[in-house]
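*Asks:* File follows, input-v1.cif with mmCIF, C-alpha atoms:
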```
data_protein
loop_
_atom_site.group_PDB
_atom_site.id
_atom_site.type_symbol
_atom_site.label_atom_id
_atom_site.label_comp_id
_atom_site.auth_asym_id
_atom_site.auth_seq_id
_atom_site.Cartn_x
_atom_site.Cartn_y
_atom_site.Cartn_z
ATOM 1 C CA MET A 18 0.000 0.000 0.000
ATOM 2 C CA ASN A 19 1.561 3.309 -1.068
ATOM 3 C CA GLU A 20 1.605 6.635 0.769
ATOM 4 C CA LEU A 21 -1.307 8.082 -1.237
ATOM 5 C CA ILE A 22 -3.626 5.285 -0.125
ATOM 6 C CA LYS A 23 -2.315 5.378 3.450
ATOM 7 C CA LYS A 24 -2.879 9.132 3.721
ATOM 8 C CA ASN A 25 -6.424 8.934 2.404
ATOM 9 C CA LEU A 26 -7.206 5.847 4.459
ATOM 10 C CA GLU A 27 -6.310 7.896 7.518
ATOM 11 C CA MET A 28 -8.901 10.437 6.388
ATOM 12 C CA VAL A 29 -11.493 7.684 6.044
ATOM 13 C CA ASN A 30 -10.684 6.356 9.514
ATOM 14 C CA ALA A 31 -10.889 9.879 10.919
ATOM 15 C CA GLU A 32 -14.344 10.371 9.402
ATOM 16 C CA VAL A 33 -15.555 7.003 10.723
ATOM 17 C CA ASP A 34 -14.051 7.611 14.170
ATOM 18 C CA ASN A 35 -15.568 11.081 14.315
ATOM 19 C CA LEU A 36 -19.037 9.759 13.525
ATOM 20 C CA LEU A 37 -18.704 7.039 16.164
ATOM 21 C CA SER A 38 -17.134 9.188 18.883
ATOM 22 C CA THR A 39 -19.478 12.161 18.484
ATOM 23 C CA SER A 40 -22.643 10.078 18.583
ATOM 24 C CA PRO A 41 -25.267 11.070 21.194
ATOM 25 C CA LEU A 42 -24.296 10.361 24.801
ATOM 26 C CA LEU A 43 -27.045 7.750 25.028
ATOM 27 C CA ILE A 44 -25.204 5.487 22.594
ATOM 28 C CA ARG A 45 -21.643 6.816 22.686
ATOM 29 C CA GLN A 46 -20.140 4.218 25.037
ATOM 30 C CA TYR A 47 -21.310 1.451 22.705
ATOM 31 C CA MET A 48 -19.932 3.228 19.637
ATOM 32 C CA THR A 49 -16.616 3.809 21.421
ATOM 33 C CA HIS A 50 -16.367 0.100 22.183
ATOM 34 C CA LEU A 51 -17.310 -0.785 18.620
ATOM 35 C CA GLY A 52 -14.598 1.514 17.296
ATOM 36 C CA LYS A 53 -11.990 -0.726 18.916
ATOM 37 C CA ALA A 54 -12.998 -3.616 16.675
ATOM 38 C CA LYS A 55 -12.613 -1.870 13.319
ATOM 39 C CA GLY A 56 -10.675 -3.859 10.743
ATOM 40 C CA LYS A 57 -7.782 -2.879 8.490
ATOM 41 C CA GLY A 58 -10.086 -1.186 5.997
ATOM 42 C CA ILE A 59 -9.593 -3.426 2.954
ATOM 43 C CA ARG A 60 -12.952 -2.334 1.513
ATOM 44 C CA ALA A 61 -12.125 1.329 2.056
ATOM 45 C CA SER A 62 -8.741 0.692 0.441
ATOM 46 C CA ALA A 63 -10.563 -0.843 -2.522
ATOM 47 C CA VAL A 64 -12.607 2.345 -2.935
ATOM 48 C CA LEU A 65 -9.498 4.515 -2.710
ATOM 49 C CA ALA A 66 -7.385 2.438 -5.079
ATOM 50 C CA SER A 67 -10.161 2.377 -7.683
ATOM 51 C CA SER A 68 -10.673 6.130 -7.377
ATOM 52 C CA ILE A 69 -7.120 7.107 -8.337
ATOM 53 C CA THR A 70 -7.386 9.530 -11.246
ATOM 54 C CA ASN A 71 -5.203 9.870 -14.315
ATOM 55 C CA GLU A 72 -3.381 12.576 -12.357
ATOM 56 C CA ASN A 73 -2.673 10.025 -9.590
ATOM 57 C CA ASP A 74 -4.925 11.813 -7.109
ATOM 58 C CA ILE A 75 -7.891 10.664 -5.003
ATOM 59 C CA PRO A 76 -11.150 12.702 -5.145
ATOM 60 C CA LEU A 77 -12.777 13.825 -1.910
ATOM 61 C CA ASP A 78 -15.989 12.009 -2.824
ATOM 62 C CA ALA A 79 -14.058 8.748 -2.651
ATOM 63 C CA ILE A 80 -13.384 9.432 1.041
ATOM 64 C CA HIS A 81 -17.127 9.690 1.718
ATOM 65 C CA PHE A 82 -17.871 6.564 -0.318
ATOM 66 C CA ALA A 83 -15.171 4.664 1.567
ATOM 67 C CA SER A 84 -16.442 5.858 4.944
ATOM 68 C CA ALA A 85 -20.022 4.884 4.127
ATOM 69 C CA ILE A 86 -18.967 1.427 2.969
ATOM 70 C CA GLU A 87 -16.805 0.842 6.060
ATOM 71 C CA LEU A 88 -19.716 1.824 8.302
ATOM 72 C CA LEU A 89 -22.109 -0.391 6.367
ATOM 73 C CA HIS A 90 -19.679 -3.271 6.794
ATOM 74 C CA LEU A 91 -19.291 -2.526 10.503
ATOM 75 C CA ALA A 92 -23.066 -2.530 10.979
ATOM 76 C CA SER A 93 -23.360 -5.886 9.209
ATOM 77 C CA LEU A 94 -20.733 -7.349 11.532
ATOM 78 C CA VAL A 95 -22.652 -6.190 14.608
ATOM 79 C CA HIS A 96 -25.780 -7.935 13.333
ATOM 80 C CA ASP A 97 -23.762 -11.029 12.343
ATOM 81 C CA ASP A 98 -22.382 -11.295 15.861
ATOM 82 C CA VAL A 99 -25.892 -11.154 17.316
ATOM 83 C CA MET A 100 -27.136 -13.893 14.983
ATOM 84 C CA ASP A 101 -24.086 -16.067 15.679
ATOM 85 C CA ASP A 102 -24.004 -15.267 19.393
ATOM 86 C CA ALA A 103 -20.321 -14.465 18.833
ATOM 87 C CA LYS A 104 -18.287 -13.529 21.862
ATOM 88 C CA VAL A 105 -15.154 -12.156 20.176
ATOM 89 C CA ARG A 106 -14.570 -10.099 17.038
ATOM 90 C CA ARG A 107 -11.020 -9.161 16.012
ATOM 91 C CA GLY A 108 -9.788 -9.945 19.479
ATOM 92 C CA ILE A 109 -12.362 -7.633 21.116
ATOM 93 C CA THR A 110 -15.453 -8.660 23.088
ATOM 94 C CA THR A 111 -18.516 -8.221 20.875
ATOM 95 C CA LEU A 112 -21.251 -5.718 21.654
ATOM 96 C CA ASN A 113 -23.793 -8.461 22.205
ATOM 97 C CA GLU A 114 -21.528 -10.261 24.654
ATOM 98 C CA LYS A 115 -20.659 -7.115 26.585
ATOM 99 C CA TYR A 116 -23.963 -5.248 26.536
ATOM 100 C CA GLY A 117 -26.616 -7.746 25.432
ATOM 101 C CA ARG A 118 -28.269 -8.776 22.167
ATOM 102 C CA LYS A 119 -31.035 -6.154 22.130
ATOM 103 C CA THR A 120 -28.575 -3.308 22.667
ATOM 104 C CA ALA A 121 -26.319 -4.695 19.943
ATOM 105 C CA VAL A 122 -29.159 -4.879 17.402
ATOM 106 C CA ILE A 123 -30.083 -1.250 18.038
ATOM 107 C CA CYS A 124 -26.421 -0.222 17.795
ATOM 108 C CA GLY A 125 -26.116 -2.024 14.461
ATOM 109 C CA ASP A 126 -29.137 -0.109 13.199
ATOM 110 C CA TYR A 127 -27.562 3.128 14.389
ATOM 111 C CA VAL A 128 -24.322 2.390 12.524
ATOM 112 C CA LEU A 129 -26.390 1.830 9.367
ATOM 113 C CA ALA A 130 -27.760 5.334 9.877
ATOM 114 C CA LEU A 131 -24.198 6.631 10.173
ATOM 115 C CA ALA A 132 -23.355 4.969 6.854
ATOM 116 C CA LEU A 133 -26.224 6.864 5.228
ATOM 117 C CA LYS A 134 -25.036 10.054 6.924
ATOM 118 C CA SER A 135 -21.557 9.640 5.491
ATOM 119 C CA PHE A 136 -22.971 8.845 2.056
ATOM 120 C CA ALA A 137 -25.042 12.031 2.201
ATOM 121 C CA LYS A 138 -21.844 14.087 2.394
ATOM 122 C CA ILE A 139 -21.363 13.519 -1.336
ATOM 123 C CA GLU A 140 -22.571 16.861 -2.670
ATOM 124 C CA ASP A 141 -23.387 15.985 -6.276
ATOM 125 C CA GLY A 142 -24.784 12.492 -5.894
ATOM 126 C CA ALA A 143 -26.609 12.756 -9.228
ATOM 127 C CA LYS A 144 -23.389 12.249 -11.174
ATOM 128 C CA TYR A 145 -22.960 8.914 -9.406
ATOM 129 C CA SER A 146 -26.459 7.666 -10.193
ATOM 130 C CA GLY A 147 -25.034 4.313 -11.289
ATOM 131 C CA PHE A 148 -24.132 3.509 -7.697
ATOM 132 C CA SER A 149 -26.890 2.448 -5.315
ATOM 133 C CA LEU A 150 -26.086 2.057 -1.625
ATOM 134 C CA SER A 151 -29.589 0.721 -1.010
ATOM 135 C CA THR A 152 -29.091 -2.031 -3.603
ATOM 136 C CA THR A 153 -25.834 -3.002 -1.928
ATOM 137 C CA MET A 154 -27.621 -3.162 1.426
ATOM 138 C CA GLU A 155 -30.313 -5.347 -0.136
ATOM 139 C CA ASP A 156 -27.684 -7.727 -1.535
ATOM 140 C CA LEU A 157 -25.994 -8.019 1.862
ATOM 141 C CA ALA A 158 -29.271 -8.655 3.673
ATOM 142 C CA LEU A 159 -30.422 -11.286 1.190
ATOM 143 C CA GLY A 160 -27.012 -12.966 1.268
ATOM 144 C CA GLU A 161 -27.086 -13.153 5.051
ATOM 145 C CA LEU A 162 -30.666 -14.450 5.009
ATOM 146 C CA ASN A 163 -29.703 -17.083 2.445
ATOM 147 C CA GLN A 164 -26.863 -18.194 4.710
ATOM 148 C CA HIS A 165 -29.169 -18.255 7.739
ATOM 149 C CA ILE A 166 -31.763 -20.355 5.896
ATOM 150 C CA ASN A 167 -29.019 -22.819 4.964
ATOM 151 C CA ASN A 168 -27.491 -23.019 8.429
ATOM 152 C CA GLY A 169 -27.003 -26.683 9.245
ATOM 153 C CA ASN A 170 -27.835 -27.724 5.673
ATOM 154 C CA LEU A 171 -25.438 -30.634 5.197
ATOM 155 C CA TYR A 172 -26.647 -31.102 1.618
ATOM 156 C CA ILE A 173 -25.809 -27.640 0.349
ATOM 157 C CA SER A 174 -24.030 -27.797 -3.011
ATOM 158 C CA ILE A 175 -20.933 -25.896 -4.069
ATOM 159 C CA PRO A 176 -22.897 -23.649 -6.521
ATOM 160 C CA GLU A 177 -25.441 -22.878 -3.792
ATOM 161 C CA TYR A 178 -22.699 -21.964 -1.358
ATOM 162 C CA LEU A 179 -20.909 -19.752 -3.891
ATOM 163 C CA ALA A 180 -24.201 -17.931 -4.515
ATOM 164 C CA ILE A 181 -24.480 -17.231 -0.784
ATOM 165 C CA ILE A 182 -21.028 -15.709 -0.456
ATOM 166 C CA LYS A 183 -21.523 -13.706 -3.636
ATOM 167 C CA GLY A 184 -24.322 -11.907 -1.808
ATOM 168 C CA LYS A 185 -23.064 -11.707 1.755
ATOM 169 C CA THR A 186 -19.415 -10.858 1.005
ATOM 170 C CA ALA A 187 -18.563 -10.269 -2.642
ATOM 171 C CA ALA A 188 -21.389 -7.753 -3.193
ATOM 172 C CA LEU A 189 -19.785 -5.229 -0.859
ATOM 173 C CA PHE A 190 -16.370 -5.659 -2.488
ATOM 174 C CA GLU A 191 -17.980 -5.165 -5.893
ATOM 175 C CA ALA A 192 -19.660 -2.003 -4.622
ATOM 176 C CA SER A 193 -16.382 -0.777 -3.138
ATOM 177 C CA PHE A 194 -14.361 -1.044 -6.341
ATOM 178 C CA TYR A 195 -17.231 0.332 -8.415
ATOM 179 C CA ALA A 196 -17.807 3.281 -6.070
ATOM 180 C CA GLY A 197 -14.172 4.287 -6.331
ATOM 181 C CA ALA A 198 -14.089 3.888 -10.099
ATOM 182 C CA ILE A 199 -17.045 6.190 -10.732
ATOM 183 C CA THR A 200 -15.271 9.023 -8.910
ATOM 184 C CA SER A 201 -12.100 8.624 -10.966
ATOM 185 C CA GLY A 202 -13.410 10.282 -14.128
ATOM 186 C CA VAL A 203 -13.019 7.323 -16.506
ATOM 187 C CA ASP A 204 -15.695 6.392 -19.054
ATOM 188 C CA ASN A 205 -18.574 4.037 -18.265
ATOM 189 C CA GLU A 206 -17.155 1.124 -20.237
ATOM 190 C CA GLU A 207 -13.988 1.229 -18.146
ATOM 191 C CA VAL A 208 -15.933 1.716 -14.896
ATOM 192 C CA GLU A 209 -18.032 -1.404 -15.506
ATOM 193 C CA LYS A 210 -14.896 -3.562 -15.452
ATOM 194 C CA TYR A 211 -14.470 -2.832 -11.757
ATOM 195 C CA LYS A 212 -17.658 -4.729 -10.891
ATOM 196 C CA PRO A 213 -16.450 -8.222 -11.890
ATOM 197 C CA PHE A 214 -12.996 -7.374 -10.579
ATOM 198 C CA GLY A 215 -14.492 -6.516 -7.181
ATOM 199 C CA ASN A 216 -16.711 -9.589 -7.224
ATOM 200 C CA ASN A 217 -13.671 -11.794 -7.795
ATOM 201 C CA VAL A 218 -11.747 -10.124 -4.972
ATOM 202 C CA GLY A 219 -14.712 -10.596 -2.636
ATOM 203 C CA MET A 220 -15.107 -14.260 -3.526
ATOM 204 C CA ILE A 221 -11.398 -14.799 -2.898
ATOM 205 C CA PHE A 222 -11.570 -12.951 0.405
ATOM 206 C CA GLN A 223 -14.420 -15.137 1.708
ATOM 207 C CA LEU A 224 -12.942 -18.408 0.485
ATOM 208 C CA MET A 225 -9.604 -17.635 2.093
ATOM 209 C CA ASP A 226 -11.437 -16.722 5.297
ATOM 210 C CA ASP A 227 -13.144 -20.131 5.129
ATOM 211 C CA CYS A 228 -9.682 -21.696 5.012
ATOM 212 C CA LEU A 229 -8.499 -19.613 7.955
ATOM 213 C CA ASP A 230 -11.276 -21.122 10.045
ATOM 214 C CA TYR A 231 -9.648 -24.545 9.672
ATOM 215 C CA GLU A 232 -5.928 -23.846 9.468
ATOM 216 C CA SER A 233 -5.227 -21.105 12.022
ATOM 217 C CA SER A 234 -5.008 -20.875 15.769
ATOM 218 C CA GLU A 235 -7.442 -18.661 17.659
ATOM 219 C CA ALA A 236 -4.592 -16.223 18.287
ATOM 220 C CA VAL A 237 -4.123 -15.769 14.534
ATOM 221 C CA ALA A 238 -7.780 -15.849 13.454
ATOM 222 C CA LEU A 239 -8.885 -13.626 16.367
ATOM 223 C CA LYS A 240 -11.915 -15.873 16.753
ATOM 224 C CA PRO A 241 -12.484 -19.503 17.817
ATOM 225 C CA VAL A 242 -11.132 -22.058 15.316
ATOM 226 C CA ALA A 243 -13.828 -24.010 13.388
ATOM 227 C CA SER A 244 -16.308 -21.424 14.634
ATOM 228 C CA ASP A 245 -18.258 -21.558 11.360
ATOM 229 C CA PHE A 246 -19.255 -25.189 11.901
ATOM 230 C CA SER A 247 -20.086 -24.567 15.548
ATOM 231 C CA GLN A 248 -22.561 -21.911 14.350
ATOM 232 C CA GLY A 249 -24.073 -24.251 11.770
ATOM 233 C CA VAL A 250 -22.403 -22.501 8.826
ATOM 234 C CA ILE A 251 -21.246 -25.083 6.298
ATOM 235 C CA THR A 252 -18.376 -23.641 4.256
ATOM 236 C CA LEU A 253 -16.546 -24.916 1.192
ATOM 237 C CA PRO A 254 -13.802 -26.983 2.921
ATOM 238 C CA LEU A 255 -16.492 -29.037 4.664
ATOM 239 C CA ILE A 256 -18.795 -29.166 1.626
ATOM 240 C CA HIS A 257 -15.913 -30.736 -0.282
ATOM 241 C CA ALA A 258 -15.440 -33.320 2.505
ATOM 242 C CA PHE A 259 -19.163 -34.169 2.311
ATOM 243 C CA ASP A 260 -18.877 -34.620 -1.452
ATOM 244 C CA GLU A 261 -15.919 -36.972 -0.964
ATOM 245 C CA GLU A 262 -17.625 -38.942 1.839
ATOM 246 C CA PRO A 263 -21.421 -38.590 1.453
ATOM 247 C CA GLU A 264 -22.186 -40.879 4.396
ATOM 248 C CA LEU A 265 -20.497 -38.304 6.617
ATOM 249 C CA ARG A 266 -23.727 -36.318 6.416
ATOM 250 C CA THR A 267 -25.544 -38.994 8.427
ATOM 251 C CA THR A 268 -22.834 -39.195 11.082
ATOM 252 C CA SER A 269 -23.124 -37.556 14.481
ATOM 253 C CA LEU A 270 -20.674 -34.790 13.709
ATOM 254 C CA THR A 271 -18.343 -33.362 16.302
ATOM 255 C CA ARG A 272 -15.848 -30.557 15.917
ATOM 256 C CA GLU A 273 -13.033 -33.104 15.965
ATOM 257 C CA ILE A 274 -14.588 -35.245 13.222
ATOM 258 C CA VAL A 275 -15.185 -32.200 11.035
ATOM 259 C CA ILE A 276 -11.605 -30.983 11.384
ATOM 260 C CA ASP A 277 -10.294 -34.499 10.699
ATOM 261 C CA ARG A 278 -12.356 -34.991 7.524
ATOM 262 C CA VAL A 279 -11.587 -31.536 6.169
ATOM 263 C CA LYS A 280 -7.910 -32.388 6.575
ATOM 264 C CA LYS A 281 -8.280 -35.932 5.200
ATOM 265 C CA TYR A 282 -9.973 -34.778 2.004
ATOM 266 C CA SER A 283 -7.812 -31.658 1.543
ATOM 267 C CA GLY A 284 -10.736 -29.315 1.982
ATOM 268 C CA VAL A 285 -8.482 -26.301 2.499
ATOM 269 C CA PRO A 286 -6.315 -26.892 -0.626
ATOM 270 C CA PHE A 287 -9.506 -27.510 -2.626
ATOM 271 C CA THR A 288 -10.943 -24.196 -1.437
ATOM 272 C CA LYS A 289 -7.708 -22.379 -2.237
ATOM 273 C CA MET A 290 -7.832 -23.878 -5.719
ATOM 274 C CA LYS A 291 -11.289 -22.352 -6.175
ATOM 275 C CA ALA A 292 -9.966 -19.019 -4.913
ATOM 276 C CA GLN A 293 -7.108 -19.225 -7.418
ATOM 277 C CA LYS A 294 -9.617 -19.417 -10.267
ATOM 278 C CA TYR A 295 -11.202 -16.158 -9.125
ATOM 279 C CA TYR A 296 -7.701 -14.701 -8.761
ATOM 280 C CA ASP A 297 -6.851 -15.622 -12.355
ATOM 281 C CA GLU A 298 -10.087 -14.012 -13.566
ATOM 282 C CA ALA A 299 -9.283 -10.839 -11.630
ATOM 283 C CA ILE A 300 -5.777 -10.698 -13.112
ATOM 284 C CA ALA A 301 -7.248 -11.008 -16.610
ATOM 285 C CA ILE A 302 -9.550 -8.032 -15.931
ATOM 286 C CA LEU A 303 -6.735 -6.014 -14.375
ATOM 287 C CA GLU A 304 -4.679 -6.424 -17.540
ATOM 288 C CA THR A 305 -7.446 -4.756 -19.582
ATOM 289 C CA LEU A 306 -7.685 -1.640 -17.392
ATOM 290 C CA ASN A 307 -6.301 1.572 -18.859
ATOM 291 C CA VAL A 308 -4.633 2.808 -15.674
ATOM 292 C CA SER A 309 -1.287 4.153 -14.524
ATOM 293 C CA SER A 310 1.314 1.719 -13.248
ATOM 294 C CA MET A 311 0.825 3.180 -9.763
ATOM 295 C CA LYS A 312 -2.932 2.532 -9.772
ATOM 296 C CA LYS A 313 -2.439 -0.929 -11.200
ATOM 297 C CA ASP A 314 0.036 -1.725 -8.432
ATOM 298 C CA GLN A 315 -2.479 -0.669 -5.765
ATOM 299 C CA LEU A 316 -5.266 -2.777 -7.280
ATOM 300 C CA GLN A 317 -2.837 -5.680 -7.513
ATOM 301 C CA PHE A 318 -1.866 -5.147 -3.867
ATOM 302 C CA ILE A 319 -5.479 -5.521 -2.685
ATOM 303 C CA LEU A 320 -5.996 -8.557 -4.902
ATOM 304 C CA ASP A 321 -2.834 -10.203 -3.565
ATOM 305 C CA LYS A 322 -3.789 -9.336 0.009
ATOM 306 C CA SER A 323 -7.173 -10.998 -0.395
ATOM 307 C CA MET A 324 -5.397 -14.097 -1.698
ATOM 308 C CA GLY A 325 -3.023 -14.141 1.251
ATOM 309 C CA LYS A 326 0.030 -13.436 -0.882
ATOM 310 C CA ILE A 327 0.915 -10.406 1.272
#
```
Could you render the structure from this file as structure tokens?
*Replies:*
Amino acid sequence: MNELIKKNLEMVNAEVDNLLSTSPLLIRQYMTHLGKAKGKGIRASAVLASSITNENDIPLDAIHFASAIELLHLASLVHDDVMDDAKVRRGITTLNEKYGRKTAVICGDYVLALALKSFAKIEDGAKYSGFSLSTTMEDLALGELNQHINNGNLYISIPEYLAIIKGKTAALFEASFYAGAITSGVDNEEVEKYKPFGNNVGMIFQLMDDCLDYESSEAVALKPVASDFSQGVITLPLIHAFDEEPELRTTSLTREIVIDRVKKYSGVPFTKMKAQKYYDEAIAILETLNVSSMKKDQLQFILDKSMGKI
């Protein structure tokens, strides 16, 4: 990540932190706690990298887009933690664990409002009519609902699972890259290329996260290992194990059995192979973009980071 992105990412973080820390006293302590669990801003970085102009600058509107998307993501995580009854997020006690589920739900709703507030800072929204924050929110909600409906579904197929993560994860990455691109001043044909590029990055990001759930310690993952299965979420490494040993679906599954079969049938390497296909597609799109070497390097950096190459 170069200095231009770092400098503007600091501006995004400042805007997000300001919105959280200056919230009404009634909710401020919860927002302050939530601010401790912010991530590294890969989605905001995606907005910023895509927004780099031909003059190698980043428009102010990209800062507001990035802030809104980070807040939208943060709100979705709060609601995810409530649904999963998660106790830890990024090494920090979750809102629902610390303050209760009802408080956490309301706080998640409030953060959604902050996302809209940040989005409203874009003065001439009409010139970005191709971007719809509401549509992105719909995609996230439907993706999460689809996952919830399929919780514990031991017969879920690979295409069905990929459709779920396209909605719950990849949609926001697609929106991030697209939002940045429309502020950069390039023509519509060029802008449209950022959608499939972002989708590929998002698919990679989720698949690699699925692998992390099986191959990392809690200290590295910052959450309990094999936590997806414990919450009834069947991810690709386990789906592959089911496909290799169908009778496993009728077994009384324990955490130990799941981890053993995922390892036995190379569920993690299989998932990484799927991620590599999305990576190759993203590289092919990147090669068609008419961008400066500096912008290309930053897009490549985010792609490589999602793939775990950095």
*Asks:* What does the structure give for the distance between CA of Asn163 (chain A) and CA of Lys183 (chain A), in Å to one decimal?
*Replies:*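 CA of Lys183 (chain A) lies at a distance of 10.7 Å from CA of Asn163 (chain A).
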*Asks:* Which residues come within 9 Å of region 167-173 of chain A, counting only C-alpha atoms, excluding same-chain residues fewer than 6 positions away, as a ChimeraX atom specification?
*Replies:* /A:246,248-251,256,259,266-267
*Asks:* Grab all the atoms of region 197-205 of chain A that the file lists, wrap them in a box along x, y and z, add 5 Å per side, and give me centre plus edge lengths in Å (one decimal) as lines of an AutoDock Vina configuration file.
*Replies:*
```
center_x = -15.3
center_y = 7.1
center_z = -12.7
size_x = 16.5
size_y = 16.4
size_z = 22.7
```
*Asks:* So, counting only C-alpha atoms, which residue among A:Ser309, A:Gln317, A:Thr153, A:Thr271 is closest to Asp74 (chain A)?
*Replies:*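 For Asp74 (chain A), the nearest of the given residues is A:Ser309.
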*Asks:* Neighbours of region 62-67 of chain A within 8 Å (all atoms listed in the file; same-chain residues fewer than 3 positions away dropped), as a list in words?
*Replies:*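 Here the answer would be Ile22, Asn25, Leu26, Gly58, Ile59, Ile75, Ala79, Ile80, Phe82, Ala83, Phe190, Ser193, Phe194, Tyr195, Ala196, Gly197, Ala198, Ser201, Tyr211, Lys312, Gln315, Leu316 and Ile319 of chain A.
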*Asks:* Could you write those residues out with C-alpha atoms, as a JSON list (two decimals), in the coordinates of the input?
*Replies:*
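Produced file out-v4.json, reproduced below:
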```json
[["chain", "number", "residue", "atom", "x", "y", "z"],
["A", 22, "ILE", "CA", -3.63, 5.28, -0.12],
["A", 25, "ASN", "CA", -6.42, 8.93, 2.40],
["A", 26, "LEU", "CA", -7.21, 5.85, 4.46],
["A", 58, "GLY", "CA", -10.09, -1.19, 6.00],
["A", 59, "ILE", "CA", -9.59, -3.43, 2.95],
["A", 75, "ILE", "CA", -7.89, 10.66, -5.00],
["A", 79, "ALA", "CA", -14.06, 8.75, -2.65],
["A", 80, "ILE", "CA", -13.38, 9.43, 1.04],
["A", 82, "PHE", "CA", -17.87, 6.56, -0.32],
["A", 83, "ALA", "CA", -15.17, 4.66, 1.57],
["A", 190, "PHE", "CA", -16.37, -5.66, -2.49],
["A", 193, "SER", "CA", -16.38, -0.78, -3.14],
["A", 194, "PHE", "CA", -14.36, -1.04, -6.34],
["A", 195, "TYR", "CA", -17.23, 0.33, -8.41],
["A", 196, "ALA", "CA", -17.81, 3.28, -6.07],
["A", 197, "GLY", "CA", -14.17, 4.29, -6.33],
["A", 198, "ALA", "CA", -14.09, 3.89, -10.10],
["A", 201, "SER", "CA", -12.10, 8.62, -10.97],
["A", 211, "TYR", "CA", -14.47, -2.83, -11.76],
["A", 312, "LYS", "CA", -2.93, 2.53, -9.77],
["A", 315, "GLN", "CA", -2.48, -0.67, -5.76],
["A", 316, "LEU", "CA", -5.27, -2.78, -7.28],
["A", 319, "ILE", "CA", -5.48, -5.52, -2.68]]
```
*Asks:* Find the spatial neighbours of region 119-132 of chain A, counting all atoms listed in the file, within a cut-off of 9 Å - ignore same-chain residues fewer than 5 positions away - and output them as a VMD selection string.
*Replies:* chain A and resid 33 36 to 37 44 47 to 48 84 to 96 98 to 99 111 to 114 137
*Asks:* Excluding Lys144 (chain A) and any residue of its chain fewer than 2 positions from it, enumerate the residues within 12 Å of it, using only C-alpha atoms, and give them as a list in words.
*Replies:*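 Non-adjacent residues within range: Asp78, Ile139, Glu140, Asp141, Gly142, Ser146, Gly147, Phe148, Ser149, Ala196, Ile199, Thr200, Ser201, Gly202 and Asn205 of chain A.
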*Asks:* Ranking A:Asn19, A:Thr39, A:Ser323, A:Ser151 by minimum distance to Phe136 (chain A) and counting only C-alpha atoms, which one comes first?
*Replies:*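 So, comparing all the options, the nearest one is A:Ser151.
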*Asks:* Evaluating the PyMOL selection byres ((chain A and resi 284-290) around 7) on the displayed file yields which residues, as an MDAnalysis selection string?
*Replies:* chainID A and resid 224:225 228 253:255 257:258 279:280 282:283 291:294
*Asks:* Counting all atoms listed in the file, which residue out of A:Lys326, A:Arg60, A:Lys53, A:Lys185 sits closest to Asp156 (chain A)?
*Replies:*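 Ranked by minimum distance to Asp156 (chain A), first place goes to A:Lys185.
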